[in-house]
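Visitor: Submitted below is the structure of interest, expressed as structure tokens.
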Amino acid sequence: MSEFRLTQISDTHLARRRPTLTANFQAIAEHIAATRPDLVLNSGDVAFDGPTSRGDLEFAKSLHAALPVDCRYLPGNHDIGDNPTAVGTPPTQPATEEHCDAFRSIVGEDRWRFEAAGWCFIGLNSLVMNTGLSSEAEQLDWLASQLGDVNGKPVALFLHKPLFLNLPDDAELAETAIRYVPQPARRRLIEMFGAVDWRLVGSGHVHQRRDFTFGRVRHIWAPSAGFVIPDRMQDVIGIKETGIVEYRFRPDSFEVCHVRAKGQTDISLDALLAEMAAG
């Protein structure tokens, strides 16, 4: 394969009881049916509330299964719970082995590696990082073995949480630590990928579109496919809009296109909360 086309969607937050979010997903589904990428990747928060509602995971998987192309998935905090950080309050829904098992059994693998168009693609579960769960140690061992077998290919990493805001050693702050891969897991991860030809990291989680390069690595933050967060609740870092990201990979190069599917709307979290309050 000389070219590999990947469409990244993220933070779909799907649930049968949230029809406005389903409508945004259906707009994306129509776009995917028209463009037919080689793979669709949902980079996390697939479901609205996976830790307390397996039905949300099942509904989200059913919508993805109806797409006319293959899909891969990564878990987000709304799928399996969040990871602890050195600062700030502990997560109200911590990631657990039970939640990880539910995600794997209903949605799909929570980590993976495949090769296409001369590239090595690696997906990681960022929510088990810094938890001390057995899944965290297992993933680290698995990652070490995968990176030892890259054979010089350029590497693209995908995970739910961005690695950092601007710099690898950004200080963790109580109000924003949950946005990024926590220390010391972040440092260890960057060191491991420093041993290969690492070119790209794609993430979601922040509900803002962002695209920047640090060193040789391009960092792509996919916006939420579902909704945007008001400025009074979250500072502006990138672009607050719903959308998706399309990639074209060729041997030793790649292109990124920031896209908004026809019919996608910028649902505000305020409107979503009002809908939830109304039942």
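Scheme for the structure tokens: letters A, B, ... for chains in order shown; per-chain residue numbers from 1; ligand numbers from 1 in order shown.
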Using only C-alpha atoms, determine which residues lie at most 10 Å from range 231-236 of chain A, disregarding the query and same-chain residues fewer than 2 positions distant; provide the list as a list in words.
Guide: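 The residues that qualify are Glu175, Thr176, Val206, His207, Gln208, Val228, Ile229, Gly238, Ile239, Lys240, Leu269 and Asp270 of chain A.
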Visitor: I need the alpha helix (DSSP H) residues of range 44-264 of chain A per DSSP on the backbone, written as a PyMOL selection string.
Guide: chain A and resi 54-65+77-80+97-106+134-147+185-193
Visitor: Quick one: residues within 7 Å of range 250-264 of chain A, only C-alpha atoms counted, chain neighbours fewer than 6 positions away excluded, as an mmCIF file with N, CA, C and O atoms, in the first residue's frame?
Guide:
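Output below, filename result.cif:
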```cif
data_model
loop_
_atom_site.group_PDB
_atom_site.id
_atom_site.type_symbol
_atom_site.label_atom_id
_atom_site.label_comp_id
_atom_site.auth_asym_id
_atom_site.auth_seq_id
_atom_site.Cartn_x
_atom_site.Cartn_y
_atom_site.Cartn_z
ATOM 1 N N SER A 2 0.759 2.049 -1.063
ATOM 2 C CA SER A 2 1.597 3.250 -1.179
ATOM 3 C C SER A 2 1.005 4.453 -0.466
ATOM 4 O O SER A 2 1.709 5.425 -0.203
ATOM 5 N N GLU A 3 -0.300 4.398 -0.161
ATOM 6 C CA GLU A 3 -0.952 5.480 0.568
ATOM 7 C C GLU A 3 -1.978 4.889 1.526
ATOM 8 O O GLU A 3 -2.673 3.925 1.209
ATOM 9 N N PHE A 4 -2.043 5.475 2.713
ATOM 10 C CA PHE A 4 -2.988 5.011 3.733
ATOM 11 C C PHE A 4 -3.743 6.219 4.252
ATOM 12 O O PHE A 4 -3.145 7.178 4.741
ATOM 13 N N ASN A 24 -24.656 14.709 15.462
ATOM 14 C CA ASN A 24 -23.329 15.090 14.992
ATOM 15 C C ASN A 24 -22.551 13.880 14.492
ATOM 16 O O ASN A 24 -21.817 13.959 13.498
ATOM 17 N N ALA A 27 -23.720 12.964 11.001
ATOM 18 C CA ALA A 27 -23.138 13.842 9.975
ATOM 19 C C ALA A 27 -21.749 13.352 9.591
ATOM 20 O O ALA A 27 -21.379 13.338 8.409
ATOM 21 N N ILE A 28 -20.982 12.939 10.596
ATOM 22 C CA ILE A 28 -19.650 12.392 10.336
ATOM 23 C C ILE A 28 -19.748 11.080 9.570
ATOM 24 O O ILE A 28 -18.967 10.812 8.648
ATOM 25 N N HIS A 31 -20.177 11.710 5.988
ATOM 26 C CA HIS A 31 -18.913 12.151 5.401
ATOM 27 C C HIS A 31 -17.981 10.960 5.169
ATOM 28 O O HIS A 31 -17.341 10.860 4.109
ATOM 29 N N ALA A 117 1.533 1.612 4.583
ATOM 30 C CA ALA A 117 2.220 2.638 3.780
ATOM 31 C C ALA A 117 3.616 2.950 4.311
ATOM 32 O O ALA A 117 4.058 4.099 4.279
ATOM 33 N N GLY A 118 4.301 1.942 4.824
ATOM 34 C CA GLY A 118 5.661 2.131 5.313
ATOM 35 C C GLY A 118 5.750 2.732 6.698
ATOM 36 O O GLY A 118 6.841 3.048 7.164
ATOM 37 N N TRP A 119 4.609 2.896 7.375
ATOM 38 C CA TRP A 119 4.561 3.482 8.713
ATOM 39 C C TRP A 119 4.208 2.430 9.753
ATOM 40 O O TRP A 119 3.527 1.447 9.455
ATOM 41 N N PRO A 154 9.000 5.125 10.159
ATOM 42 C CA PRO A 154 8.458 6.264 10.913
ATOM 43 C C PRO A 154 7.270 5.802 11.751
ATOM 44 O O PRO A 154 6.515 4.913 11.352
ATOM 45 N N THR A 242 -16.535 21.724 16.566
ATOM 46 C CA THR A 242 -16.626 20.289 16.324
ATOM 47 C C THR A 242 -16.000 19.983 14.967
ATOM 48 O O THR A 242 -15.959 20.841 14.082
ATOM 49 N N GLY A 243 -15.523 18.751 14.810
ATOM 50 C CA GLY A 243 -14.893 18.388 13.548
ATOM 51 C C GLY A 243 -14.169 17.065 13.635
ATOM 52 O O GLY A 243 -14.311 16.315 14.612
ATOM 53 N N ILE A 244 -13.377 16.790 12.616
ATOM 54 C CA ILE A 244 -12.590 15.559 12.520
ATOM 55 C C ILE A 244 -11.236 15.903 11.908
ATOM 56 O O ILE A 244 -10.995 17.054 11.531
#
```
Visitor: Would you mind listing what lies within 8 Å of range 44-60 of chain A as a PDB file with N, CA and C atoms, in the first residue's frame, with only C-alpha atoms counted and same-chain residues fewer than 5 positions away left out?
Guide:
```pdb
ATOM      1  N   SER A  10     -13.015  11.935  17.526  1.00  0.00           N
ATOM      2  CA  SER A  10     -12.696  11.873  18.955  1.00  0.00           C
ATOM      3  C   SER A  10     -13.829  12.476  19.770  1.00  0.00           C
ATOM      4  N   ASP A  11     -13.928  12.031  21.020  1.00  0.00           N
ATOM      5  CA  ASP A  11     -14.854  12.638  21.973  1.00  0.00           C
ATOM      6  C   ASP A  11     -16.269  12.718  21.396  1.00  0.00           C
ATOM      7  N   THR A  12     -16.740  11.571  20.919  1.00  0.00           N
ATOM      8  CA  THR A  12     -18.090  11.486  20.365  1.00  0.00           C
ATOM      9  C   THR A  12     -19.148  11.497  21.466  1.00  0.00           C
ATOM     10  N   HIS A  13     -18.817  10.947  22.645  1.00  0.00           N
ATOM     11  CA  HIS A  13     -19.702  10.980  23.817  1.00  0.00           C
ATOM     12  C   HIS A  13     -21.098  10.448  23.485  1.00  0.00           C
ATOM     13  N   LEU A  14     -21.162   9.283  22.896  1.00  0.00           N
ATOM     14  CA  LEU A  14     -22.430   8.769  22.404  1.00  0.00           C
ATOM     15  C   LEU A  14     -23.239   8.053  23.485  1.00  0.00           C
ATOM     16  N   ALA A  15     -24.543   8.278  23.448  1.00  0.00           N
ATOM     17  CA  ALA A  15     -25.496   7.587  24.309  1.00  0.00           C
ATOM     18  C   ALA A  15     -26.866   7.690  23.652  1.00  0.00           C
ATOM     19  N   ARG A  16     -27.643   6.657  23.785  1.00  0.00           N
ATOM     20  CA  ARG A  16     -28.964   6.656  23.166  1.00  0.00           C
ATOM     21  C   ARG A  16     -29.820   7.831  23.663  1.00  0.00           C
ATOM     22  N   TYR A  73     -10.245   1.795  18.017  1.00  0.00           N
ATOM     23  CA  TYR A  73     -10.690   2.637  19.128  1.00  0.00           C
ATOM     24  C   TYR A  73      -9.591   2.757  20.178  1.00  0.00           C
ATOM     25  N   LEU A  74      -9.660   3.841  20.941  1.00  0.00           N
ATOM     26  CA  LEU A  74      -8.857   4.012  22.142  1.00  0.00           C
ATOM     27  C   LEU A  74      -9.777   4.528  23.240  1.00  0.00           C
ATOM     28  N   PRO A  75      -9.561   4.123  24.475  1.00  0.00           N
ATOM     29  CA  PRO A  75     -10.453   4.571  25.544  1.00  0.00           C
ATOM     30  C   PRO A  75     -10.141   5.982  26.022  1.00  0.00           C
ATOM     31  N   GLY A  76     -11.205   6.679  26.424  1.00  0.00           N
ATOM     32  CA  GLY A  76     -11.068   7.972  27.073  1.00  0.00           C
ATOM     33  C   GLY A  76     -11.556   7.881  28.502  1.00  0.00           C
ATOM     34  N   ASN A  77     -11.447   8.972  29.228  1.00  0.00           N
ATOM     35  CA  ASN A  77     -11.874   8.981  30.631  1.00  0.00           C
ATOM     36  C   ASN A  77     -13.375   8.755  30.781  1.00  0.00           C
ATOM     37  N   HIS A  78     -14.165   9.124  29.762  1.00  0.00           N
ATOM     38  CA  HIS A  78     -15.594   8.869  29.824  1.00  0.00           C
ATOM     39  C   HIS A  78     -15.943   7.433  29.435  1.00  0.00           C
ATOM     40  N   ASP A  79     -14.937   6.669  29.050  1.00  0.00           N
ATOM     41  CA  ASP A  79     -15.134   5.256  28.729  1.00  0.00           C
ATOM     42  C   ASP A  79     -14.723   4.341  29.875  1.00  0.00           C
ATOM     43  N   ILE A  80     -13.569   4.645  30.517  1.00  0.00           N
ATOM     44  CA  ILE A  80     -13.030   3.723  31.533  1.00  0.00           C
ATOM     45  C   ILE A  80     -12.666   4.417  32.843  1.00  0.00           C
ATOM     46  N   GLY A  81     -12.858   5.738  32.946  1.00  0.00           N
ATOM     47  CA  GLY A  81     -12.429   6.475  34.132  1.00  0.00           C
ATOM     48  C   GLY A  81     -11.111   7.185  33.893  1.00  0.00           C
ATOM     49  N   GLN A  93     -14.230   9.323  39.037  1.00  0.00           N
ATOM     50  CA  GLN A  93     -14.352   8.010  38.425  1.00  0.00           C
ATOM     51  C   GLN A  93     -12.958   7.548  38.011  1.00  0.00           C
ATOM     52  N   HIS A  99     -13.400  -1.561  34.357  1.00  0.00           N
ATOM     53  CA  HIS A  99     -13.808  -0.675  33.267  1.00  0.00           C
ATOM     54  C   HIS A  99     -13.010  -0.956  32.002  1.00  0.00           C
ATOM     55  N   ALA A 102     -14.443  -4.028  30.403  1.00  0.00           N
ATOM     56  CA  ALA A 102     -15.721  -3.751  29.738  1.00  0.00           C
ATOM     57  C   ALA A 102     -15.486  -3.088  28.383  1.00  0.00           C
ATOM     58  N   PHE A 103     -14.554  -2.148  28.327  1.00  0.00           N
ATOM     59  CA  PHE A 103     -14.248  -1.478  27.061  1.00  0.00           C
ATOM     60  C   PHE A 103     -13.754  -2.489  26.039  1.00  0.00           C
ATOM     61  N   ILE A 106     -16.645  -4.860  24.853  1.00  0.00           N
ATOM     62  CA  ILE A 106     -17.762  -4.256  24.121  1.00  0.00           C
ATOM     63  C   ILE A 106     -17.286  -3.480  22.895  1.00  0.00           C
ATOM     64  N   VAL A 107     -16.243  -2.684  23.065  1.00  0.00           N
ATOM     65  CA  VAL A 107     -15.830  -1.762  22.003  1.00  0.00           C
ATOM     66  C   VAL A 107     -14.685  -2.333  21.164  1.00  0.00           C
ATOM     67  N   LEU A 159      -3.339   8.443  21.082  1.00  0.00           N
ATOM     68  CA  LEU A 159      -3.830   8.229  22.442  1.00  0.00           C
ATOM     69  C   LEU A 159      -4.858   9.303  22.753  1.00  0.00           C
ATOM     70  N   HIS A 160      -5.613   9.110  23.841  1.00  0.00           N
ATOM     71  CA  HIS A 160      -6.710  10.047  24.115  1.00  0.00           C
ATOM     72  C   HIS A 160      -6.201  11.407  24.579  1.00  0.00           C
ATOM     73  N   GLY A 204      -7.004  13.656  21.502  1.00  0.00           N
ATOM     74  CA  GLY A 204      -8.280  14.373  21.565  1.00  0.00           C
ATOM     75  C   GLY A 204      -8.426  15.000  22.934  1.00  0.00           C
ATOM     76  N   HIS A 205      -9.528  14.703  23.626  1.00  0.00           N
ATOM     77  CA  HIS A 205      -9.741  14.987  25.040  1.00  0.00           C
ATOM     78  C   HIS A 205     -10.040  16.452  25.359  1.00  0.00           C
TER      79      HIS A 205
END
```
Visitor: One decimal, Å: what's the distance from CA of Asp82 in chain A over to CA of Ile32 in chain A, could you say?
Guide: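 Going from CA of Asp82 in chain A over to CA of Ile32 in chain A covers 29.6 Å.
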Visitor: Just want the 10 Å neighbourhood of Val87 in chain A, counted on only C-alpha atoms, with same-chain residues fewer than 3 positions away dropped. Output as a list of chain:residue names.
Guide: A:Pro84, A:Pro90, A:Glu172, A:Leu173, A:Ala174, A:Glu175, A:Thr176, A:Ala177, A:Ile178, A:Pro182
Visitor: Among range 84-272 of chain A, which residues carry a DSSP assignment of strand (DSSP E or B), reported as a VMD selection string?
Guide: chain A and resid 94 112 to 116 119 to 123 154 to 158 197 to 203 209 to 214 217 to 221 227 to 228 239 244 to 250 253 to 259 267 to 268
Visitor: Could you tell me how far CA of Phe227 in chain A lies from CA of Ala171 in chain A, in Å and to one decimal?
Guide: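 Separating CA of Phe227 in chain A from CA of Ala171 in chain A is a distance of 28.1 Å.
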Visitor: Closest to Pro162 in chain A among A:His219, A:Arg187, A:Arg209, A:Arg104, using only C-alpha atoms?
Guide: A:His219
Visitor: For the atom pair CA of Ile122 in chain A and CA of Glu109 in chain A, what is the interatomic distance in Å to one decimal place?
Guide: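 So the two atoms, CA of Ile122 in chain A and CA of Glu109 in chain A, lie 11.9 Å apart.
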